[in-house]
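*Asks:* The file below is work-v6.txt, compact mmCIF, C-alpha atoms and all ligand atoms:
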```txt
# COMPACT_ATOMS: atom_id res chain seq x y z
CA MET A 1340 46.59 -1.00 56.34
CA HIS A 1341 48.69 1.72 54.71
CA SER A 1342 52.03 1.65 52.98
CA GLU A 1343 55.00 3.52 54.45
CA GLN A 1344 56.81 6.16 52.39
CA ASN A 1345 60.46 6.79 51.54
CA ILE A 1346 61.78 3.58 53.06
CA ASP A 1347 65.52 2.78 52.96
CA LEU A 1348 66.00 -0.54 51.15
CA THR A 1349 69.66 -1.09 52.13
CA PRO A 1350 68.76 -3.60 54.89
CA PHE A 1351 66.43 -5.44 52.50
CA ASN A 1352 69.02 -6.54 49.93
CA THR A 1353 71.96 -8.82 50.75
CA LEU A 1354 74.31 -6.84 48.49
CA ALA A 1355 73.57 -3.90 50.84
CA LEU A 1356 73.08 -1.51 47.92
CA PRO A 1357 71.48 1.85 48.72
CA GLY A 1358 68.09 2.96 47.47
CA LYS A 1359 64.77 4.22 48.74
CA ALA A 1360 61.30 2.91 47.96
CA ALA A 1361 58.66 5.57 47.34
CA ARG A 1362 56.26 3.20 49.10
CA TYR A 1363 56.70 0.01 51.11
CA GLN A 1364 54.28 -2.44 52.64
CA LYS A 1365 54.94 -5.61 54.58
CA ILE A 1366 52.51 -8.39 53.64
CA THR A 1367 51.80 -10.88 56.41
CA THR A 1368 48.35 -12.15 55.37
CA GLN A 1369 46.69 -13.04 52.08
CA THR A 1370 43.88 -10.60 52.69
CA GLN A 1371 46.32 -7.65 52.69
CA LEU A 1372 46.93 -8.38 49.01
CA THR A 1373 43.27 -8.32 48.15
CA ALA A 1374 42.64 -5.15 50.15
CA ALA A 1375 41.07 -2.39 48.12
CA GLU A 1376 43.32 0.33 49.53
CA LEU A 1377 46.49 -1.26 48.12
CA PRO A 1378 47.75 1.49 45.80
CA ALA A 1379 47.75 0.71 42.09
CA GLY A 1380 50.78 1.33 39.85
CA LYS A 1381 54.37 0.18 39.60
CA ARG A 1382 55.17 -2.49 42.18
CA PHE A 1383 57.90 -4.98 43.04
CA ILE A 1384 57.45 -8.17 45.04
CA LEU A 1385 60.33 -8.56 47.52
CA GLY A 1386 61.36 -11.65 49.46
CA GLY A 1387 64.69 -11.79 51.30
CA GLY A 1388 66.45 -9.59 48.71
CA SER A 1389 69.19 -12.20 48.26
CA ASN A 1390 69.04 -12.28 44.47
CA LEU A 1391 68.62 -8.61 43.81
CA VAL A 1392 70.62 -5.70 42.40
CA LEU A 1393 69.12 -2.40 43.39
CA ASN A 1394 69.82 0.31 40.83
CA GLY A 1395 69.01 3.15 43.23
CA ASP A 1396 65.67 4.60 44.28
CA PHE A 1397 62.49 2.75 43.29
CA ASP A 1398 59.61 5.00 42.35
CA GLY A 1399 56.88 2.51 43.16
CA LEU A 1400 55.49 0.20 45.81
CA ILE A 1401 57.55 -2.58 47.39
CA LEU A 1402 55.44 -5.46 48.67
CA HIS A 1403 57.62 -7.31 51.17
CA MET A 1404 56.33 -10.87 51.36
CA ALA A 1405 56.29 -12.06 54.97
CA ILE A 1406 53.35 -14.50 55.04
CA PRO A 1407 54.20 -17.17 57.65
CA GLY A 1408 53.06 -20.76 58.17
CA LYS A 1409 54.15 -24.31 57.51
CA ARG A 1410 52.19 -27.56 57.80
CA LEU A 1411 51.70 -31.08 56.51
CA LEU A 1412 48.88 -30.55 54.04
CA ARG A 1413 48.24 -34.24 53.35
CA GLU A 1414 50.01 -37.49 52.69
CA ASP A 1415 49.40 -40.53 50.51
CA ALA A 1416 51.19 -43.84 50.14
CA GLU A 1417 54.00 -42.27 48.12
CA ALA A 1418 54.63 -38.80 49.51
CA TRP A 1419 54.18 -36.05 52.07
CA TYR A 1420 52.76 -32.77 50.78
CA ILE A 1421 54.08 -29.84 52.78
CA GLU A 1422 52.75 -26.31 52.47
CA ALA A 1423 54.66 -23.18 53.51
CA GLY A 1424 53.89 -19.47 53.46
CA ALA A 1425 55.88 -17.36 50.99
CA GLY A 1426 57.56 -15.39 53.78
CA GLU A 1427 59.05 -18.38 55.58
CA ASN A 1428 62.85 -18.38 55.64
CA TRP A 1429 63.97 -21.09 53.18
CA HIS A 1430 66.77 -22.61 55.26
CA ASP A 1431 64.69 -22.70 58.45
CA PHE A 1432 61.88 -24.36 56.50
CA VAL A 1433 64.23 -27.04 55.11
CA GLN A 1434 65.62 -27.78 58.60
CA TRP A 1435 62.06 -27.98 59.99
CA THR A 1436 61.05 -30.58 57.35
CA LEU A 1437 64.10 -32.66 58.30
CA ALA A 1438 63.28 -32.40 62.01
CA GLN A 1439 59.72 -33.60 61.26
CA GLY A 1440 61.09 -36.69 59.48
CA TRP A 1441 60.20 -35.54 55.96
CA PRO A 1442 63.49 -35.61 54.03
CA GLY A 1443 64.07 -34.53 50.45
CA LEU A 1444 65.12 -30.89 50.60
CA GLU A 1445 68.41 -31.37 52.50
CA ASN A 1446 70.61 -30.62 49.46
CA LEU A 1447 69.13 -27.11 49.40
CA SER A 1448 70.18 -26.28 52.97
CA LEU A 1449 71.56 -22.80 53.71
CA ILE A 1450 70.32 -21.16 50.51
CA PRO A 1451 69.29 -17.66 51.64
CA GLY A 1452 65.89 -16.14 50.96
CA THR A 1453 62.26 -17.09 51.27
CA VAL A 1454 60.03 -20.01 50.35
CA GLY A 1455 58.03 -17.79 47.96
CA ALA A 1456 61.11 -16.95 45.87
CA ALA A 1457 62.35 -20.55 45.59
CA PRO A 1458 60.32 -21.34 42.43
CA ILE A 1459 61.21 -18.04 40.72
CA GLN A 1460 64.68 -19.11 39.59
CA ASN A 1461 64.16 -22.78 40.50
CA ILE A 1462 66.82 -22.68 43.22
CA GLY A 1463 69.38 -25.42 43.00
CA ALA A 1464 72.50 -26.69 44.70
CA TYR A 1465 74.55 -29.84 45.14
CA GLY A 1466 72.69 -31.98 42.64
CA LEU A 1467 69.09 -30.92 43.35
CA GLU A 1468 66.74 -28.30 41.93
CA VAL A 1469 63.61 -27.31 43.81
CA ALA A 1470 61.56 -28.25 40.71
CA GLU A 1471 62.13 -31.89 41.66
CA ARG A 1472 60.31 -31.39 44.96
CA PHE A 1473 57.79 -28.75 43.84
CA HIS A 1474 54.10 -29.64 43.71
CA SER A 1475 52.20 -26.36 43.22
CA LEU A 1476 51.95 -22.76 44.36
CA THR A 1477 49.26 -20.24 45.11
CA ALA A 1478 49.63 -16.68 43.88
CA TRP A 1479 47.57 -13.52 43.93
CA ASP A 1480 47.08 -12.21 40.38
CA PHE A 1481 46.84 -8.41 40.57
CA GLU A 1482 45.43 -8.13 37.03
CA LYS A 1483 42.69 -10.69 37.41
CA GLN A 1484 42.18 -9.87 41.10
CA THR A 1485 42.03 -13.53 42.00
CA PHE A 1486 44.13 -16.30 43.58
CA LEU A 1487 45.60 -18.83 41.14
CA THR A 1488 46.97 -22.31 41.77
CA VAL A 1489 49.91 -23.07 39.50
CA ASP A 1490 51.10 -26.67 39.06
CA ARG A 1491 54.57 -27.95 38.28
CA SER A 1492 54.24 -28.34 34.50
CA THR A 1493 52.87 -24.81 34.12
CA CYS A 1494 55.97 -23.35 35.84
CA ARG A 1495 58.30 -24.38 32.95
CA PHE A 1496 61.22 -25.00 35.29
CA ALA A 1497 64.73 -25.20 33.84
CA TYR A 1498 68.25 -24.46 35.13
CA ARG A 1499 67.88 -21.22 37.17
CA ASP A 1500 64.73 -20.48 35.20
CA SER A 1501 60.93 -20.66 35.28
CA LEU A 1502 57.89 -19.00 33.78
CA PHE A 1503 58.28 -16.33 36.49
CA LYS A 1504 61.65 -15.17 35.12
CA GLN A 1505 60.28 -14.39 31.69
CA GLU A 1506 60.80 -10.89 30.35
CA GLY A 1507 59.04 -8.23 32.36
CA TRP A 1508 57.39 -10.63 34.81
CA HIS A 1509 59.12 -9.38 37.95
CA LEU A 1510 59.01 -5.72 37.03
CA SER A 1511 55.33 -5.97 36.18
CA GLY A 1512 54.81 -7.25 39.73
CA ARG A 1513 51.91 -9.13 38.22
CA MET A 1514 51.67 -11.95 40.73
CA ALA A 1515 52.61 -12.43 44.34
CA ILE A 1516 53.25 -16.01 45.37
CA THR A 1517 51.57 -16.51 48.73
CA SER A 1518 52.35 -20.18 49.46
CA VAL A 1519 54.12 -23.19 47.97
CA VAL A 1520 53.39 -26.92 48.29
CA PHE A 1521 56.29 -29.39 48.13
CA ARG A 1522 55.96 -33.10 47.39
CA LEU A 1523 58.49 -35.13 49.38
CA PRO A 1524 58.61 -38.82 48.35
CA LYS A 1525 58.45 -41.31 51.22
CA VAL A 1526 61.11 -43.45 49.55
CA TRP A 1527 64.24 -41.42 50.26
CA LEU A 1528 67.38 -41.83 48.22
CA ALA A 1529 70.57 -40.16 49.41
CA ASN A 1530 71.81 -37.68 46.81
CA HIS A 1531 75.54 -37.23 47.34
CA ARG A 1532 76.86 -37.53 43.80
CA TYR A 1533 78.19 -33.94 43.80
CA ALA A 1534 81.96 -34.24 44.22
CA ASP A 1535 82.22 -31.76 47.12
CA VAL A 1536 79.48 -33.57 49.07
CA ALA A 1537 80.99 -37.01 48.47
CA GLN A 1538 84.39 -35.71 49.65
CA GLU A 1539 82.95 -34.04 52.75
CA LEU A 1540 81.12 -37.23 53.78
CA ALA A 1541 84.21 -39.34 53.08
CA ALA A 1542 86.30 -37.01 55.24
CA GLN A 1543 83.85 -37.69 58.07
CA SER A 1544 83.95 -41.47 57.32
CA ILE A 1545 80.20 -41.50 56.60
CA THR A 1546 79.33 -44.20 54.06
CA THR A 1547 75.53 -44.43 54.44
CA PRO A 1548 74.49 -40.84 55.19
CA THR A 1549 71.19 -39.82 56.77
CA PRO A 1550 69.36 -36.75 55.41
CA GLN A 1551 70.78 -34.80 58.37
CA ASP A 1552 74.33 -35.94 57.51
CA ILE A 1553 73.88 -34.57 53.99
CA ALA A 1554 72.42 -31.30 55.30
CA LYS A 1555 75.36 -30.92 57.71
CA ALA A 1556 77.93 -31.68 55.01
CA ILE A 1557 76.38 -29.12 52.65
CA ILE A 1558 76.17 -26.49 55.38
CA ALA A 1559 79.88 -27.03 56.13
CA ILE A 1560 80.87 -26.77 52.45
CA ARG A 1561 78.80 -23.62 51.94
CA GLN A 1562 80.17 -21.97 55.09
CA ARG A 1563 83.70 -22.60 53.85
CA LYS A 1564 83.19 -21.36 50.31
CA LEU A 1565 80.52 -18.70 50.29
CA PRO A 1566 80.66 -15.31 51.99
CA ASP A 1567 78.10 -14.62 54.72
CA PRO A 1568 76.05 -11.67 53.42
CA ALA A 1569 75.85 -10.26 56.97
CA ILE A 1570 79.64 -9.79 56.88
CA THR A 1571 80.47 -9.50 53.16
CA PRO A 1572 77.41 -8.36 51.19
CA ASN A 1573 76.72 -10.52 48.10
CA ALA A 1574 73.95 -12.18 46.11
CA GLY A 1575 75.43 -15.67 45.68
CA SER A 1576 76.54 -16.70 42.19
CA PHE A 1577 76.41 -13.59 40.06
CA PHE A 1578 76.27 -15.34 36.66
CA HIS A 1579 74.68 -18.52 35.37
CA ASN A 1580 76.99 -21.36 34.55
CA PRO A 1581 76.87 -21.07 30.73
CA LEU A 1582 75.16 -23.83 28.76
CA VAL A 1583 76.93 -24.25 25.40
CA ASP A 1584 76.76 -26.57 22.40
CA ARG A 1585 78.93 -29.64 22.65
CA SER A 1586 81.16 -28.45 19.78
CA ILE A 1587 82.02 -25.24 21.67
CA ALA A 1588 82.74 -27.20 24.87
CA GLU A 1589 84.99 -29.61 22.97
CA LYS A 1590 86.94 -26.78 21.39
CA LEU A 1591 87.42 -25.00 24.72
CA GLY A 1592 88.30 -28.32 26.35
CA ALA A 1593 91.05 -28.88 23.79
CA ASP A 1594 92.52 -25.45 24.53
CA TYR A 1595 91.94 -25.64 28.30
CA PRO A 1596 91.86 -29.28 29.46
CA ALA A 1597 91.27 -28.23 33.11
CA LEU A 1598 87.99 -26.42 32.31
CA PRO A 1599 85.20 -28.21 34.26
CA ARG A 1600 82.51 -29.40 31.82
CA TYR A 1601 79.20 -31.02 32.76
CA PRO A 1602 77.29 -32.74 29.90
CA GLN A 1603 73.52 -32.13 30.13
CA PRO A 1604 70.67 -34.49 29.16
CA ASP A 1605 69.75 -32.19 26.23
CA GLY A 1606 73.22 -32.59 24.65
CA ARG A 1607 74.51 -29.20 25.74
CA VAL A 1608 77.41 -28.81 28.16
CA LYS A 1609 77.45 -26.66 31.30
CA LEU A 1610 80.71 -24.82 31.91
CA ALA A 1611 81.96 -23.64 35.32
CA ALA A 1612 81.66 -19.85 35.24
CA GLY A 1613 83.78 -19.60 38.41
CA TRP A 1614 86.68 -21.31 36.65
CA LEU A 1615 86.42 -18.99 33.63
CA ILE A 1616 86.34 -15.92 35.92
CA GLU A 1617 89.32 -17.18 37.90
CA GLN A 1618 91.32 -17.84 34.72
CA ALA A 1619 90.42 -14.37 33.45
CA GLY A 1620 92.22 -13.03 36.52
CA TRP A 1621 89.18 -11.84 38.45
CA LYS A 1622 89.29 -14.09 41.53
CA GLY A 1623 89.82 -11.75 44.48
CA LYS A 1624 90.10 -8.76 42.14
CA SER A 1625 88.02 -5.58 42.49
CA LEU A 1626 87.07 -2.56 40.49
CA GLY A 1627 86.31 0.19 43.01
CA PRO A 1628 84.25 -1.22 45.90
CA VAL A 1629 82.96 -4.27 43.98
CA GLY A 1630 84.94 -7.41 43.29
CA MET A 1631 84.80 -11.16 42.78
CA TYR A 1632 85.17 -13.16 46.01
CA GLU A 1633 88.63 -14.53 46.78
CA LYS A 1634 87.37 -18.05 47.67
CA GLN A 1635 84.69 -18.40 44.96
CA ALA A 1636 85.16 -16.26 41.87
CA LEU A 1637 81.52 -16.57 40.76
CA VAL A 1638 80.34 -14.54 43.76
CA LEU A 1639 80.37 -10.78 43.34
CA VAL A 1640 80.92 -8.92 46.61
CA ASN A 1641 80.39 -5.41 47.89
CA HIS A 1642 83.48 -4.46 49.89
CA GLY A 1643 81.66 -1.46 51.33
CA GLY A 1644 79.77 1.56 50.14
CA ALA A 1645 78.98 0.24 46.65
CA THR A 1646 76.02 1.42 44.58
CA GLY A 1647 74.10 -0.40 41.85
CA ALA A 1648 76.23 1.48 39.30
CA ASP A 1649 79.43 0.09 40.88
CA VAL A 1650 77.99 -3.43 40.62
CA ARG A 1651 77.12 -2.94 36.95
CA ARG A 1652 80.62 -1.61 36.22
CA THR A 1653 82.38 -4.66 37.71
CA MET A 1654 79.81 -6.99 36.12
CA ALA A 1655 80.45 -5.48 32.67
CA ALA A 1656 84.24 -5.64 33.11
CA VAL A 1657 84.12 -9.34 34.06
CA GLN A 1658 81.75 -10.11 31.19
CA ALA A 1659 84.01 -8.30 28.72
CA ASP A 1660 87.19 -10.07 29.90
CA VAL A 1661 85.62 -13.54 29.83
CA LYS A 1662 84.12 -12.86 26.39
CA MET A 1663 87.47 -11.64 25.06
CA ARG A 1664 89.42 -14.56 26.48
CA PHE A 1665 87.00 -17.48 25.98
CA GLY A 1666 84.29 -16.17 23.64
CA ILE A 1667 81.65 -16.99 26.27
CA GLU A 1668 78.77 -14.64 27.12
CA PHE A 1669 77.69 -14.51 30.77
CA THR A 1670 74.07 -14.05 31.85
CA PRO A 1671 73.67 -12.41 35.27
CA GLU A 1672 71.67 -14.43 37.78
CA PRO A 1673 70.14 -11.75 40.03
CA ILE A 1674 67.14 -9.61 39.23
CA PHE A 1675 67.90 -5.92 38.54
CA LEU A 1676 65.50 -3.44 40.07
P1 LIG B 1701 64.47 -11.86 46.35
O1 LIG B 1701 65.90 -11.59 46.10
O2 LIG B 1701 63.74 -10.98 47.30
O3 LIG B 1701 63.69 -11.86 44.95
C1 LIG B 1701 64.18 -12.59 43.86
C2 LIG B 1701 63.10 -12.59 42.77
O4 LIG B 1701 61.95 -13.30 43.23
C3 LIG B 1701 62.57 -11.19 42.40
O5 LIG B 1701 62.23 -11.19 41.04
C4 LIG B 1701 61.29 -11.05 43.24
O6 LIG B 1701 60.35 -10.17 42.65
C5 LIG B 1701 60.77 -12.49 43.20
N1 LIG B 1701 59.98 -12.85 44.37
C6 LIG B 1701 60.42 -13.01 45.65
N2 LIG B 1701 59.41 -13.43 46.44
C7 LIG B 1701 58.30 -13.51 45.65
C8 LIG B 1701 56.95 -13.85 45.89
N3 LIG B 1701 56.50 -14.24 47.10
N4 LIG B 1701 56.07 -13.78 44.84
C9 LIG B 1701 56.49 -13.40 43.61
N5 LIG B 1701 57.77 -13.07 43.32
C10 LIG B 1701 58.67 -13.12 44.34
N6 LIG B 1701 70.42 -19.55 44.63
C11 LIG B 1701 70.42 -20.84 44.20
O7 LIG B 1701 69.59 -21.22 43.35
N7 LIG B 1701 71.32 -21.73 44.68
C12 LIG B 1701 72.24 -21.41 45.60
O8 LIG B 1701 73.02 -22.25 46.00
C13 LIG B 1701 72.25 -20.08 46.08
N8 LIG B 1701 73.18 -19.69 46.99
C14 LIG B 1701 73.21 -18.40 47.42
C15 LIG B 1701 74.16 -18.04 48.37
C16 LIG B 1701 74.22 -16.75 48.86
C17 LIG B 1701 75.26 -16.38 49.89
C18 LIG B 1701 73.28 -15.78 48.40
C19 LIG B 1701 73.30 -14.38 48.95
C20 LIG B 1701 72.33 -16.13 47.45
C21 LIG B 1701 72.29 -17.45 46.95
N9 LIG B 1701 71.35 -17.85 45.99
C22 LIG B 1701 71.31 -19.16 45.57
C23 LIG B 1701 70.39 -16.88 45.43
C24 LIG B 1701 69.13 -16.68 46.33
O9 LIG B 1701 69.33 -17.21 47.61
C25 LIG B 1701 67.89 -17.33 45.70
O10 LIG B 1701 67.66 -16.82 44.42
C26 LIG B 1701 66.64 -17.11 46.57
O11 LIG B 1701 65.59 -17.92 46.10
C27 LIG B 1701 66.18 -15.65 46.58
O12 LIG B 1701 65.17 -15.54 47.55
P2 LIG B 1701 64.73 -14.12 48.12
O13 LIG B 1701 63.53 -14.37 48.99
O14 LIG B 1701 65.85 -13.44 48.75
O15 LIG B 1701 64.26 -13.39 46.77
N1 LIG B 1702 85.72 -23.05 40.32
C1 LIG B 1702 86.96 -22.49 40.09
N2 LIG B 1702 87.24 -21.28 40.64
C2 LIG B 1702 86.35 -20.62 41.42
C3 LIG B 1702 85.07 -21.16 41.63
C4 LIG B 1702 84.77 -22.40 41.07
O1 LIG B 1702 87.79 -23.07 39.40
O2 LIG B 1702 86.69 -19.54 41.90
C5 LIG B 1702 85.43 -24.39 39.79
C6 LIG B 1702 85.41 -25.41 40.94
O3 LIG B 1702 86.69 -25.87 41.23
C7 LIG B 1702 84.50 -26.49 40.38
C8 LIG B 1702 83.52 -25.71 39.51
O4 LIG B 1702 84.13 -24.45 39.23
O5 LIG B 1702 85.22 -27.37 39.60
C9 LIG B 1702 82.16 -25.52 40.15
O6 LIG B 1702 82.30 -24.80 41.36
P1 LIG B 1702 81.29 -24.96 42.61
O7 LIG B 1702 81.11 -26.41 42.95
O8 LIG B 1702 81.75 -24.07 43.69
O9 LIG B 1702 79.90 -24.48 42.05
P2 LIG B 1702 79.47 -23.30 41.05
O10 LIG B 1702 79.23 -23.91 39.71
O11 LIG B 1702 80.44 -22.18 41.11
C10 LIG B 1702 76.94 -23.66 41.43
C11 LIG B 1702 75.73 -22.79 41.66
C12 LIG B 1702 75.63 -22.43 43.13
C13 LIG B 1702 75.50 -23.71 43.94
C14 LIG B 1702 76.72 -24.59 43.68
C15 LIG B 1702 76.59 -25.94 44.32
C16 LIG B 1702 75.22 -21.58 39.63
C17 LIG B 1702 75.26 -20.28 38.92
N3 LIG B 1702 75.79 -21.61 40.84
O12 LIG B 1702 78.10 -22.86 41.70
O13 LIG B 1702 74.47 -21.64 43.31
O14 LIG B 1702 75.38 -23.44 45.32
O15 LIG B 1702 76.85 -24.81 42.25
O16 LIG B 1702 75.65 -26.70 43.63
O17 LIG B 1702 74.66 -22.55 39.10
C18 LIG B 1702 73.63 -19.39 43.30
O18 LIG B 1702 72.93 -19.71 42.34
O19 LIG B 1702 73.59 -18.25 43.81
C19 LIG B 1702 74.56 -20.37 43.87
C20 LIG B 1702 75.41 -20.08 44.87
```
What is this file in structure tokens?
Ligand code: FAD
Ligand code: EPU

*Replies:*
Amino acid sequence: MHSEQNIDLTPFNTLALPGKAARYQKITTQTQLTAAELPAGKRFILGGGSNLVLNGDFDGLILHMAIPGKRLLREDAEAWYIEAGAGENWHDFVQWTLAQGWPGLENLSLIPGTVGAAPIQNIGAYGLEVAERFHSLTAWDFEKQTFLTVDRSTCRFAYRDSLFKQEGWHLSGRMAITSVVFRLPKVWLANHRYADVAQELAAQSITTPTPQDIAKAIIAIRQRKLPDPAITPNAGSFFHNPLVDRSIAEKLGADYPALPRYPQPDGRVKLAAGWLIEQAGWKGKSLGPVGMYEKQALVLVNHGGATGADVRRTMAAVQADVKMRFGIEFTPEPIFL
């Protein structure tokens, strides 16, 4: 099993940024990772490329995780334990669990990417983070040359964060997640507190939604608001919603009463980055080929022909304007390669 050389990565990132990989290998089985002929050196573990900013050519090895498989691993009185290969498409996996009668992931419908990447930034949407349904994962450790099982507490999940997002982790390409186990409680509680979801269900006159009703509502909301990467290349939200001290949120709230603020259990307050970007005048505005989406200002879009440098230029301009106007620093969400 040999790697290919000089592979164009444009089709492998949803922002459609250009760049070539010196070497590329598709990984469809665990044993390919342990294979002795896998070249040593700089490597990057790639899933669906939906949270990635390519800075140009990559002078290393891309390992494209495509390990398939999904099954009920076991069940006990309280929960189903479902295992999926890292290369499974996330949305298809979620819909499959629902079809099997194992609800619990419906709020995360239509998030692009793979199962293996879901724990990396602890994907979240519409009132649920994957950490709440995560049981454990298996990863190949290139340094120790062994498979590791990592449980939930070890992952240090937080808002759009985990152990795997720590400094240097992704660029070191130290571990490749090969499979993930989810724990889906048998007692299912509908989670439709998020305002958009509640409104969508109300509009359809649904008062006691099934898991499928919630999935459908969320799919409809997302299709309305978010650009389809196949048509308008993007990487979803480009910045984290900033978490600030309560005193800062109160001060901003006094100046801008319409600013959406979400108090967190730890006392901090989450601010809506999309609102701040819109108020800073960036909704639907572009700098060269890269702009902020006209229907959701938190989503950075490639209008065609953009490079990683174009993305960084628009990113920096938005960050500077928001900082100048509101004093808030934005952290980018995607991984820069
Ligand atoms: P990639 O972009 O390929 O990789 C992301 C990171 O994960 C990289 O550091 C990579 O090295 C690492 N990685 C990937 N696979 C593995 C593996 N098997 N082992 C080790 N490391 C790995 N995110 C949300 O949280 N909520 C949303 O609602 C949401 N909506 C989105 C909407 C759109 C339109 C788009 C384009 C993106 C959205 N995202 C959202 C971001 C994205 O979908 C998630 O971050 C997703 O988990 C990325 O998966 P991926 O397979 O594409 O990962
Ligand atoms: N808003 C504006 N203008 C905009 C965009 C948003 O005023 O242009 C306001 C909205 O009116 C709303 C608030 O900001 O009051 C929040 O907006 P929305 O519900 O659209 O969600 P978001 O905070 O912009 C977050 C996640 C999304 C996730 C949705 C739904 C982050 C960084 N983003 O977006 O995740 O799908 O909530 O839960 O946390 C992603 O991470 O890539 C992603 C898409």

*Asks:* Could you please determine the separation between atom CA of Arg1513 of chain A and atom CA of Phe1481 of chain A in Å, to one decimal place?

*Replies:*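 Computed distance, atom CA of Arg1513 of chain A to atom CA of Phe1481 of chain A, equals 5.6 Å.
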
*Asks:* Quick one: everything within 12 Å of Arg1410 of chain A, counting all atoms listed in the file, minus sequence neighbours fewer than 6 positions away in the same chain. Send it as a list in words.

*Replies:*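 Using all atoms listed in the file, the neighbours found are Trp1419, Tyr1420, Ile1421, Glu1422, Ala1423, Gly1424, Glu1427, Phe1432, Trp1435, Thr1436, Gln1439, Trp1441, Ser1518, Val1519, Val1520 and Phe1521 of chain A.
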
*Asks:* Kindly give the distance, in Å, that separates atom CA of Ala1360 of chain A and atom CA of His1430 of chain A, rounded to a single decimal.

*Replies:*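 Separation between atom CA of Ala1360 of chain A and atom CA of His1430 of chain A: 27.1 Å.
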
*Asks:* Rank nothing, just name the residue among A:Lys1359, A:Arg1563, A:His1341, A:Lys1409 nearest to ligand LIG 1701 (chain B), using only C-alpha atoms and all ligand atoms.

*Replies:*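 Under the stated criterion, the closest residue is A:Arg1563.
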
*Asks:* Step by step, measure atom-to-atom distances between ligand LIG 1701 (chain B) and each residue using all atoms listed in the file, keep those at most 7 Å, then write them as a ChimeraX atom specification.

*Replies:* /A:1353,1383-1391,1404,1425-1426,1450-1457,1459-1464,1499,1509,1512,1514-1517,1565-1568,1573-1576,1674

*Asks:* Residues within 9 Å of ligand LIG 1702 (chain B) (only C-alpha atoms and all ligand atoms), as an MDAnalysis selection string?

*Replies:* chainID A and resid 1389:1390 1446:1447 1450:1451 1460 1462:1467 1498:1499 1533:1535 1557 1561 1564:1565 1574:1581 1597:1600 1610:1618 1621:1623 1631:1638 1671:1673

*Asks:* Would you please work out which residue, of A:Leu1591, A:Ile1560, A:Val1657, A:Leu1523, is nearest to Ala1537 of chain A when using all atoms listed in the file?

*Replies:*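 Closest residue, counting all atoms listed in the file: A:Ile1560.
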
*Asks:* Suppose you want the space between atom CA of Ala1478 of chain A and atom CA of Ala1554 of chain A; what is it in Å?

*Replies:* 29.4 Å

*Asks:* Using only C-alpha atoms for the distances, tell me which of A:Gly1666, A:Ala1497, A:Ala1655, A:Thr1549 is nearest to Gln1603 of chain A.

*Replies:*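 Of the candidates, the smallest distance to Gln1603 of chain A is held by A:Ala1497.
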
*Asks:* Tell me which of A:Val1640, A:Ala1418, A:Ala1361, A:Leu1676 sits closest to Asp1398 of chain A, counting only C-alpha atoms.

*Replies:*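 With only C-alpha atoms as the atom set, the closest residue is A:Ala1361.
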
*Asks:* Which residues, written as a list in words, have at least one atom at most 9 Å from Gln1369 of chain A, with all atoms listed in the file counted and residues fewer than 2 positions away on the same chain left out?

*Replies:*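 With the cut-off at 9 Å, the set is Ile1366, Thr1367, Gln1371, Leu1372, Thr1373, Ile1406, Trp1479 and Thr1517 of chain A.
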
*Asks:* Of the candidates A:Ser1475, A:Thr1349, A:Ser1544, A:Asn1530, which one gets nearest to Gly1443 of chain A if we count only C-alpha atoms?

*Replies:*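 Smallest separation from Gly1443 of chain A among the options: A:Asn1530.
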
*Asks:* Tell me which of A:Ala1355, A:Gln1538, A:Asp1490, A:Asp1594 sits closest to His1642 of chain A, counting all atoms listed in the file.

*Replies:*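 Result for the nearest residue to His1642 of chain A: A:Ala1355.
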
*Asks:* For segment 1342-1347 of chain A in the structure I just supplied, write out N, CA, C and O atoms - as a compact mmCIF listing (two decimals), in the first residue's frame.

*Replies:*
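So the final result, stored in part.txt, reads:
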```txt
# COMPACT_ATOMS: atom_id res chain seq x y z
N SER A 1342 1.64 5.50 -0.82
CA SER A 1342 0.97 6.79 -0.90
C SER A 1342 1.12 7.34 -2.31
O SER A 1342 2.07 7.03 -3.03
N GLU A 1343 0.14 8.20 -2.70
CA GLU A 1343 0.23 8.87 -3.99
C GLU A 1343 0.97 10.19 -3.80
O GLU A 1343 1.03 10.71 -2.69
N GLN A 1344 1.50 10.74 -4.89
CA GLN A 1344 2.30 11.97 -4.77
C GLN A 1344 1.63 13.13 -5.49
O GLN A 1344 0.93 12.93 -6.48
N ASN A 1345 1.91 14.34 -4.97
CA ASN A 1345 1.43 15.57 -5.62
C ASN A 1345 -0.08 15.57 -5.88
O ASN A 1345 -0.51 15.79 -7.01
N ILE A 1346 -0.84 15.36 -4.84
CA ILE A 1346 -2.29 15.25 -5.00
C ILE A 1346 -2.95 16.61 -4.73
O ILE A 1346 -2.65 17.29 -3.75
N ASP A 1347 -3.87 16.99 -5.63
CA ASP A 1347 -4.62 18.25 -5.48
C ASP A 1347 -5.63 18.11 -4.34
O ASP A 1347 -6.46 17.20 -4.35
```
